[in-house]
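**Q** For reference, the structure I am asking about is given below.
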Amino acid sequence: MASLLDLTALEAREAMAAGDLDATEYTAAWREAAAGDELNAYLWRDGDSEEAAAIAVERGSIAPIAVKDIFCTEGVPTTAGSRILEGYRPPYTSTAVQKLLGAGAPILGKTNMDEFAMGSSNENSAYGPVLNPWDRERVPGGSSGGSAAVVAGGLAPWSIGTDTGGSIRQPAAFCGIVGLKPTYGAISRYGMIAFASSLDQCGPLTRTVSDAALLLGILQGRDPLDSTSVGLDGGVSLPDRQDLLGLRFGVPAELARDAVDSGVREVFERTLRKIEDLGGEIAEVSLPSAEHGISAYYVIAPAEASSNLARYDGVRYGMRAGGDGDLIEMYETTRSEGFGEEVKRRIMLGTYALSSGYYEAYYGQAQKVRTRIAEDFSGAFAGVDFVVTPTAPSVAFKLGEKTDDPLAMYLNDFFTVPMSLAGIPAISIPAGLAAPEGGGPQLPVGFQIAAPAFAEQRLLDAAYALEQGIGFDARPGGADG
Amino acid sequence: MAELEAVIGLEIHVQLATKTKMFCGCELSFGEEPNVHTCPICLAHPGVLPVPNEQAIRYALQIGLALECEIAPWSIFHRKNYFYPDSPKAYQISQYDIPIASNGKLGDVRIHRAHLEEDAAKTIHIGESGRIHGSAFSLVDFNRGGTPLVEIVTEPDLRGAAEAAEWARLLRETVRQLGVSDVNMEEGSLRVDANVSVRPAGSEELGTKTELKNMNSFRFLQRGIEAELERQRELVGSGGQVVQETLHFDPRDGSLTPLRSKEEAHDYRYFPEPDLVPLTPTEEMLREARAALPELPAARIERYEEMGVPTDTATLLAGAPQVAELFEETADEVTGVEPRVVANWLTGELTATLRKHGLREDWRERPVDSSSFARVMEMVEAKRISHASGKEVLEILVAEGGGDPDAIIERKGLAQMSDSGELEAIVEKAMADNPDAVERVREGNEKAIGAIVGAIMRETKGRADGGEVNRLIRERL
Amino acid sequence: MIDRDQVLHVAKLARLRLSEEDVERMVGELSGILDHVDRIGNLDLEGVEPTSHVVALENVLRADEPWQSLPRDVALAPAPDPSDGAFRVPSPQAE
Ligand SMILES: [Mg+2]
Ligand SMILES: [Zn+2]
């Protein structure tokens with residue numbers, strides 16, 4: 001069995017196409033692996049309940065997949081990690097999941113996540129934290145922590161997640177896998193429960209860059225149900241570039257200055273040398289406004305979230321509490337009991353930022369910073385092909401380590417937020433292992449590569465060449481698989 | 001204290017007659033079972049996204065152009081955030097600082113703006129009193145939720161309740177003729193709210209206004225505004241101050257009661273809707289919208305006035321496009337009859353005849369064709385038949401669904417008496433039969449002549465020309 | 001900085017009920033976050049266009065063609081309190 005599960009999704013597809021791999025047997029093996037989840041990574045697995053008829057795939061023609069519990073799936077529990085949606089079974093299926101089913105991918109299950117995708121550690125799930133397969137005392141990152149943990153922990157061959165300010169890239173980095181946030185608009189958002197509408201984007205979490213390319217190719221496309229979707233012109237082909245000759249990689253001077261753990265910095269520096277070994281060129285670029293990314297992000301995202309989450313009012317679906325009182329009583333009780341602390345904090349922050357008298361100072365100003373950050377990237381891309389940074393300033397931290405300090409938690413998104421604000425694609429690939437500051441086990445470090453909007457193909461080609469050059473092959477010892 | 005002048009502005013919500021809702025493909029519904037036209041989008045399920053209805057955009061452009069507005073080359077949607085069960089997303093997608101149309105006019109009233117938005121769902125309050133206060137619970141029906149709306153806001157250019165109601169009628173007629181809405185006030189496809197204030201005559205400043213809602217007919221609109229103006233004049237006249245509030249009109253007794261606000265804080269936290277992209281009407285879209293515009297009432301009234309038709313008659317015609325069409329064709333075809341006379345025949349004699357036959361002015365098939373109608377008027381004008389006979393021919397034409405006017409005149413023996421000798425004999429007989437009346441006319445009682453004329457008309461069955469009869473009587477007095 | 005009254009006002013707008021303890025904590029946490037965020041308040045961004053969208057799309061519209069609505073029982077199935085074919089909610093009360 002172990003050898004079956006060792007196949008990458010791409011290898012499995014090729015084996016199935018060649019008739020060397022039985023799809024039913026392969027899917028069954030993954031279902032069995034998923035059933036052994038000790039990481040609290042799945043909230044629901046196919047087989048857990050009878051209602052999954054709408055998503056049943058007759059006979060898989062591609063590797064089965066785990067889906068973040070933020071994607072509405074008809075008849076299948078969809079909670080977004082929130083108590084307020086406990087027991088909710090959507091009457092429709094998201095476009096992304098529809099595309100997976102259309103491609104012949106059986107759904108293995110729905111993965112745990114920070115409530116409404118708000119978090120960087122998965123500790124904000126109403127259904128308990130996900131454990132990092134490398135060290136079960138540590139977080140897997142967030143908000144797509146479940147989707148990262150299942151891939152790293154051998155509970156799924158690949159998965160999809162969502163990234164608003166780093167929610168695919170950072171957990172991919174913490175779990176030692178590949179995570180891609182595509183250009184805003186590359187993949188439909190229809191049916192993906194909204195956190196911050198102008199930033200949210202679906203993307204793949206995979207073992208390899210090739211698997212990410214394969215999955216992106218399935219997911220991308222303009223959707224008539226999403227006005228803001230564009231798709232990727234020409235689709236996505238599998239990367240096969242072996243070198244980085246003629247490519248220029250920009251390291252932002254401003255971001256490098258900031259606090260990065262020494263272990264992470266070491267791996268980052270080593271990866272820069274590897275780029276040069278492969279024929280690439282390292283240059284310094286300037287993103288003067290990027291340091292304000294966190295500030296702008298923590299205005300814009302909560303503001304949009306405060307509006308997006310207002311629909312959870314106990315009227316049409318989901319939880320209701322306080323229904324014996326008057327309308328306002330019902331609203332307030334439902335929302336106060338249904339939402340967790342972090343969600344309430346962000347709703348408060350966002351409501352405040354949009355409220356009368358504060359709009360210009362907060363939301364208006366943040367949108368201007370956003371313009372500046374996008375301009376910074378355009379300027380940088382005039383001189384380099386890619387911008388590279390560590391994905392996160394540290395390796396996976398311990399459960400509970402940052403829960404008392406929301407700001408410290410937010411600063412974890414320092415390197416990923418600017419790309420989200422600019423709407424550009426960025427990938428995190430595992431670049432090596434490092435011990436946490438102050439000592440501990442060897443944990444994966446992610447290397448982030450960002451490209452201009454809609455340059456996914458070039459990004460995947462370069463990431464593939466670098467991935468081959470690095471040859472990262474460490475596996476977590478904590479979970480079997 | 002100077003006289004207090006009324007200052008009134010109107011806010012009109014027009015439900016667009018598209019097939020589907022503003023942001024989803026659910027069909028619009030009319031008085032159906034609750035919640036049979038809903039989908040994940042208009043129920044605001046998690047994860048759904050809006051996509052605007054292109055027909056609604058077209059209709060909005062037509063309304064904007066009909067109201068002589070500037071069309072914004074770039075406009076966006078905002079979210080207006082408030083919690084209420086009729087608002088499933090807890091925000092309404094509307095336009096805020098950049099509406100699709102602005103700075104227009106209709107008649108003498110300036111249009112501040114016209115923007116696109118979505119309608120709320122229907123909430124029925126159930127409870128002992130049947131009213132919001134004290135009721136136990138409410139039922140929400142999302143059939144109407146998401147119906148496309150254009151909201152039209154006027155400048156405060158109206159100066160009286162009757163004027164406001166009259167202008168609102170012109171607006172309704174204008175929108176109706178565009179064919180973009182049913183504009184039915186009772187059914188709520190046209191909803192008119194009024195912003196009412198008073199100020200010393202001659203003052204340029206605006207007084208504190210109140211907003212009047214729920215006036216679901218033009219009569220109620222007028223009554224509501226009248227009542228509020230009276231209240232404000234009394235209040236201000238006695239040294240009081242108007243408080244800015246929303247007042248709910250009760251059609252049962254005409255009273256106005258303050259409405260509890262939906263969100264006490266009134267902080268809608270508007271921000272640009274991130275799920276939608278900007279609207280940038282292309283030349284093509286504008287050309288198409290312009291081409292779809294019929295001639296609108298205001299323009300028609302002006303043109304008819306130039307043809308010599310009095311304003312009130314022109315207004316009547318402009319409000320009934322089918323009648324106006326018959327008017328134009330007949331006026332074109334007829335010889336020797338002024339357009340003013342044709343218009344009078346249409347809005348007077350023909351309309352009365354139609355009513356008699358239980359027909360309405362918005363006929364599908366014309367009750368009379370333009371050439372027959374022209375012929376009738378020509379013969380009256382040429383004194384070949386009397387006015388009364390003309391009316392009779394018209395009635396026969398309508399009743400028989402057409403015919404040849406000459407043949408009808410022949411058949412009914414309606415031709416004016418051309419034999420002067422015959423008429424003279426009848427006149428003389430009538431005078432001899434009514435000596436009292438003759439005496440009284442001689443004494444200066446002009447009205448008494450009616451009895452003699454009446455006798456002559458009876459005898460001639462209306463075929464005699466009234467002027468000629470009069471002349472012959474006077475000759476003999 | 002955000003004070004107690006502002007926290008209570010914002011909670012009311014957001015339809016959240018906060019316990020005394022929540023209010024205390026929110027004042028502290030939100031103030032800390034806002035202190036950080038306030039740095040962008042000092043930037044001179046006069047004349048910079050705000051970005052509400054990163055995609056350069058315009059006039060993305062849908063044809064006015066009806067689609068199948070949900071059967072009513074499906075629409076009402078997830079509702080906490082369906083009644084008479086409608087969604088039942090407690091009534092708003094006079095203050
Ligand atoms: Mg409105
Ligand atoms: Zn719908």
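In the structure tokens, the first chain shown is A, the next is B, and so on; residue numbers restart at 1 for each chain, and ligands run from 1 in the order shown.
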Do you know which residues are within 8 Å of ligand 1 using only C-alpha atoms and all ligand atoms? Can you write them as a VMD selection string?
**A** chain B and resid 13 94 117 151
**Q** Up to 9 Å from chain B, what residues of chain C turn up? Count only C-alpha atoms and give them as a ChimeraX atom specification.
**A** /C:9,12-15,52-53,55-72,75-76,82-95
**Q** Those residues you just picked out, can you put them in a file as a compact mmCIF listing (two decimals), in the first residue's frame with C-alpha atoms?
**A**
# COMPACT_ATOMS: atom_id res chain seq x y z
CA HIS C 9 -21.29 51.27 19.48
CA LYS C 12 -24.25 47.25 18.24
CA LEU C 13 -23.70 48.00 14.55
CA ALA C 14 -22.29 44.50 14.05
CA ARG C 15 -25.08 42.84 16.05
CA SER C 52 -10.94 48.35 -4.70
CA HIS C 53 -10.23 45.92 -7.49
CA VAL C 55 -8.75 42.92 -11.98
CA ALA C 56 -9.20 45.26 -14.90
CA LEU C 57 -12.68 44.12 -15.92
CA GLU C 58 -15.71 46.16 -16.93
CA ASN C 59 -19.34 45.45 -17.82
CA VAL C 60 -19.38 41.82 -16.82
CA LEU C 61 -23.08 41.13 -17.20
CA ARG C 62 -25.55 38.27 -17.38
CA ALA C 63 -28.19 37.75 -20.07
CA ASP C 64 -31.75 38.20 -18.77
CA GLU C 65 -32.58 34.52 -19.00
CA PRO C 66 -34.49 32.71 -16.27
CA TRP C 67 -33.02 29.71 -14.54
CA GLN C 68 -34.63 27.07 -12.40
CA SER C 69 -35.26 28.36 -8.89
CA LEU C 70 -34.94 26.04 -5.91
CA PRO C 71 -37.97 23.91 -4.99
CA ARG C 72 -39.43 25.57 -1.93
CA ALA C 75 -34.93 26.49 -0.01
CA LEU C 76 -36.52 26.10 3.42
CA PRO C 82 -39.56 27.43 8.54
CA SER C 83 -43.28 28.15 8.78
CA ASP C 84 -46.11 28.37 6.24
CA GLY C 85 -43.71 28.24 3.31
CA ALA C 86 -41.74 31.13 4.72
CA PHE C 87 -38.77 31.89 6.95
CA ARG C 88 -40.09 32.74 10.39
CA VAL C 89 -38.25 35.28 12.52
CA PRO C 90 -39.00 36.96 15.82
CA SER C 91 -40.59 40.33 15.26
CA PRO C 92 -38.78 43.58 15.72
CA GLN C 93 -40.02 45.19 18.92
CA ALA C 94 -40.62 48.79 19.70
CA GLU C 95 -37.81 50.20 21.74
**Q** Pick out the residues sitting within 8 Å of stretch 285-300 of chain A, and hand them over as an NGL selection string; count only C-alpha atoms, and ignore anything fewer than 3 positions along from it in its own chain.
**A** (:A and (165 or 196 or 250-255 or 303-304 or 349-350 or 353 or 362-363 or 365-367 or 369-370 or 372-373 or 376-377 or 380 or 387 or 410-411 or 413-414 or 417-418 or 421)) or (:C and (36-40))
**Q** Find the spatial neighbours of B:Asp193, counting only C-alpha atoms, within a cut-off of 6 Å - ignore same-chain residues fewer than 3 positions away - and output them as a PyMOL selection string.
**A** chain B and resi 10-11+212-213
**Q** I want to know what sits within 9 Å of B:Ala399, based on only C-alpha atoms, with residues of the same chain fewer than 3 positions away left out; could you give that as a list in words?
**A** His357, Pro367, Leu394, Glu395, Ile396 and Gly402 of chain B
**Q** In terms of the shortest atom-to-atom distance over only C-alpha atoms and all ligand atoms, which of B:Arg169, B:Arg144, B:Arg471, B:Arg110 is closest to ligand 2?
**A**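 Using only C-alpha atoms and all ligand atoms, ligand 2 sits closest to B:Arg144.
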**Q** Which distance in Å separates atom CA of B:Tyr59 and atom CA of B:Val180, to one decimal?
**A**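 Rounded to one decimal, the two atoms are 5.9 Å apart.
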**Q** Would you mind reading off the distance between atom CA of B:Leu414 and atom CA of B:Ala451, one decimal, in Å?
**A** 21.9 Å
**Q** Under the rule that only C-alpha atoms are counted, which of A:Leu214, A:Val230, A:Ile470, A:Leu7 is the nearest residue to chain C?
**A**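 Smallest distance to chain C is found for A:Val230.
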**Q** What are the residues of chain A lining chain B at 6 Å or less? Count only C-alpha atoms, and put the answer as a JSON list (two decimals) with N, CA, C and O atoms, in the first residue's frame.
**A**
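The new file iface-v2.json reads:
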[["chain", "number", "residue", "atom", "x", "y", "z"],
["A", 190, "TYR", "N", -16.95, 31.39, -6.95],
["A", 190, "TYR", "CA", -18.34, 31.04, -6.70],
["A", 190, "TYR", "C", -18.44, 29.78, -5.83],
["A", 190, "TYR", "O", -17.88, 28.74, -6.17],
["A", 191, "GLY", "N", -19.13, 29.93, -4.73],
["A", 191, "GLY", "CA", -19.31, 28.81, -3.83],
["A", 191, "GLY", "C", -18.21, 28.65, -2.79],
["A", 191, "GLY", "O", -18.23, 27.73, -1.99],
["A", 192, "MET", "N", -17.26, 29.57, -2.84],
["A", 192, "MET", "CA", -16.16, 29.58, -1.87],
["A", 192, "MET", "C", -16.60, 30.59, -0.82],
["A", 192, "MET", "O", -16.79, 31.77, -1.13],
["A", 193, "ILE", "N", -16.80, 30.16, 0.40],
["A", 193, "ILE", "CA", -17.37, 31.05, 1.40],
["A", 193, "ILE", "C", -16.47, 32.26, 1.60],
["A", 193, "ILE", "O", -15.28, 32.12, 1.86],
["A", 194, "ALA", "N", -17.05, 33.44, 1.44],
["A", 194, "ALA", "CA", -16.25, 34.66, 1.37],
["A", 194, "ALA", "C", -15.71, 35.08, 2.73],
["A", 194, "ALA", "O", -16.41, 35.07, 3.73],
["A", 197, "SER", "N", -13.59, 39.51, 0.00],
["A", 197, "SER", "CA", -13.90, 39.25, -1.40],
["A", 197, "SER", "C", -12.86, 39.75, -2.41],
["A", 197, "SER", "O", -12.66, 39.13, -3.45],
["A", 198, "SER", "N", -12.22, 40.85, -2.11],
["A", 198, "SER", "CA", -11.28, 41.40, -3.10],
["A", 198, "SER", "C", -9.91, 40.74, -3.00],
["A", 198, "SER", "O", -9.01, 41.07, -3.76],
["A", 227, "SER", "N", -18.33, 37.40, -11.51],
["A", 227, "SER", "CA", -18.01, 38.57, -12.35],
["A", 227, "SER", "C", -16.54, 38.91, -12.34],
["A", 227, "SER", "O", -16.05, 39.58, -13.24],
["A", 310, "ALA", "N", -22.13, 39.30, 7.71],
["A", 310, "ALA", "CA", -23.38, 39.82, 8.28],
["A", 310, "ALA", "C", -24.56, 38.93, 7.93],
["A", 310, "ALA", "O", -25.59, 38.97, 8.58],
["A", 311, "ARG", "N", -24.40, 38.10, 6.89],
["A", 311, "ARG", "CA", -25.52, 37.25, 6.46],
["A", 311, "ARG", "C", -25.77, 36.10, 7.44],
["A", 311, "ARG", "O", -26.81, 35.45, 7.35],
["A", 354, "LEU", "N", -15.17, 50.88, 8.75],
["A", 354, "LEU", "CA", -16.12, 51.37, 7.76],
["A", 354, "LEU", "C", -17.10, 52.37, 8.33],
["A", 354, "LEU", "O", -17.88, 52.99, 7.61],
["A", 355, "SER", "N", -17.07, 52.54, 9.66],
["A", 355, "SER", "CA", -18.15, 53.31, 10.27],
["A", 355, "SER", "C", -17.95, 54.80, 10.01],
["A", 355, "SER", "O", -16.86, 55.28, 9.72]]
**Q** With a distance cut-off of 8 Å and only C-alpha atoms, select the neighbouring residues of B:Ala17, excluding the residue or stretch itself and same-chain residues fewer than 5 positions from it, and output the selection as a short mmCIF file (atom, residue, chain, number, x, y, z; two decimals) with C-alpha atoms, in the first residue's frame.
**A**
data_model
loop_
_atom_site.label_atom_id
_atom_site.label_comp_id
_atom_site.auth_asym_id
_atom_site.auth_seq_id
_atom_site.Cartn_x
_atom_site.Cartn_y
_atom_site.Cartn_z
CA GLY B 179 -41.85 49.93 -21.46
CA VAL B 180 -39.33 49.24 -18.71
CA SER B 181 -41.76 48.86 -15.79
CA ASP B 182 -45.39 48.13 -14.98
#
**Q** What's around C:Val27 at 9 Å? Count only C-alpha atoms, leave out sequence neighbours fewer than 5 positions away in its own chain, and write the answer as a list of chain:residue names.
**A**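 Non-adjacent residues within range: C:Met1, C:Ile2, C:Asp3, C:Arg4, C:Gln6, C:Val7, C:Asp22, C:Gly32.
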**Q** Include N, CA, C and O atoms and write out the residues we just selected as a compact mmCIF listing (two decimals), in the first residue's frame.
**A**
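Output saved as again-v2.txt:
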# COMPACT_ATOMS: atom_id res chain seq x y z
N MET C 1 -6.28 53.94 18.80
CA MET C 1 -7.00 53.86 20.08
C MET C 1 -8.50 53.76 19.86
O MET C 1 -9.05 54.42 19.00
N ILE C 2 -9.10 52.94 20.64
CA ILE C 2 -10.55 52.84 20.59
C ILE C 2 -11.03 52.73 22.03
O ILE C 2 -10.41 52.02 22.83
N ASP C 3 -12.06 53.48 22.37
CA ASP C 3 -12.49 53.44 23.77
C ASP C 3 -13.72 52.54 23.95
O ASP C 3 -14.26 52.01 23.00
N ARG C 4 -14.09 52.42 25.17
CA ARG C 4 -15.20 51.56 25.58
C ARG C 4 -16.50 51.86 24.85
O ARG C 4 -17.15 50.98 24.33
N GLN C 6 -16.91 53.43 22.05
CA GLN C 6 -16.81 53.09 20.63
C GLN C 6 -16.97 51.59 20.42
O GLN C 6 -17.63 51.14 19.49
N VAL C 7 -16.34 50.80 21.29
CA VAL C 7 -16.46 49.34 21.19
C VAL C 7 -17.93 48.93 21.31
O VAL C 7 -18.43 48.12 20.53
N ASP C 22 -15.56 40.74 27.61
CA ASP C 22 -15.27 40.90 26.19
C ASP C 22 -14.93 42.36 25.87
O ASP C 22 -14.00 42.64 25.11
N GLY C 32 -4.50 47.91 20.33
CA GLY C 32 -3.16 47.46 19.94
C GLY C 32 -3.04 47.32 18.43
O GLY C 32 -2.07 47.78 17.82
**Q** Write out as a PyMOL selection string all residues of stretch 180-356 of chain B that backbone DSSP assigns to helix (DSSP H, G or I).
**A** chain B and resi 218-237+283-291+297-306+311-318+321-333+339-356
**Q** Atom CA of A:Gly203 and atom CA of A:Gly279 are how many Å apart?
**A** 28.8 Å
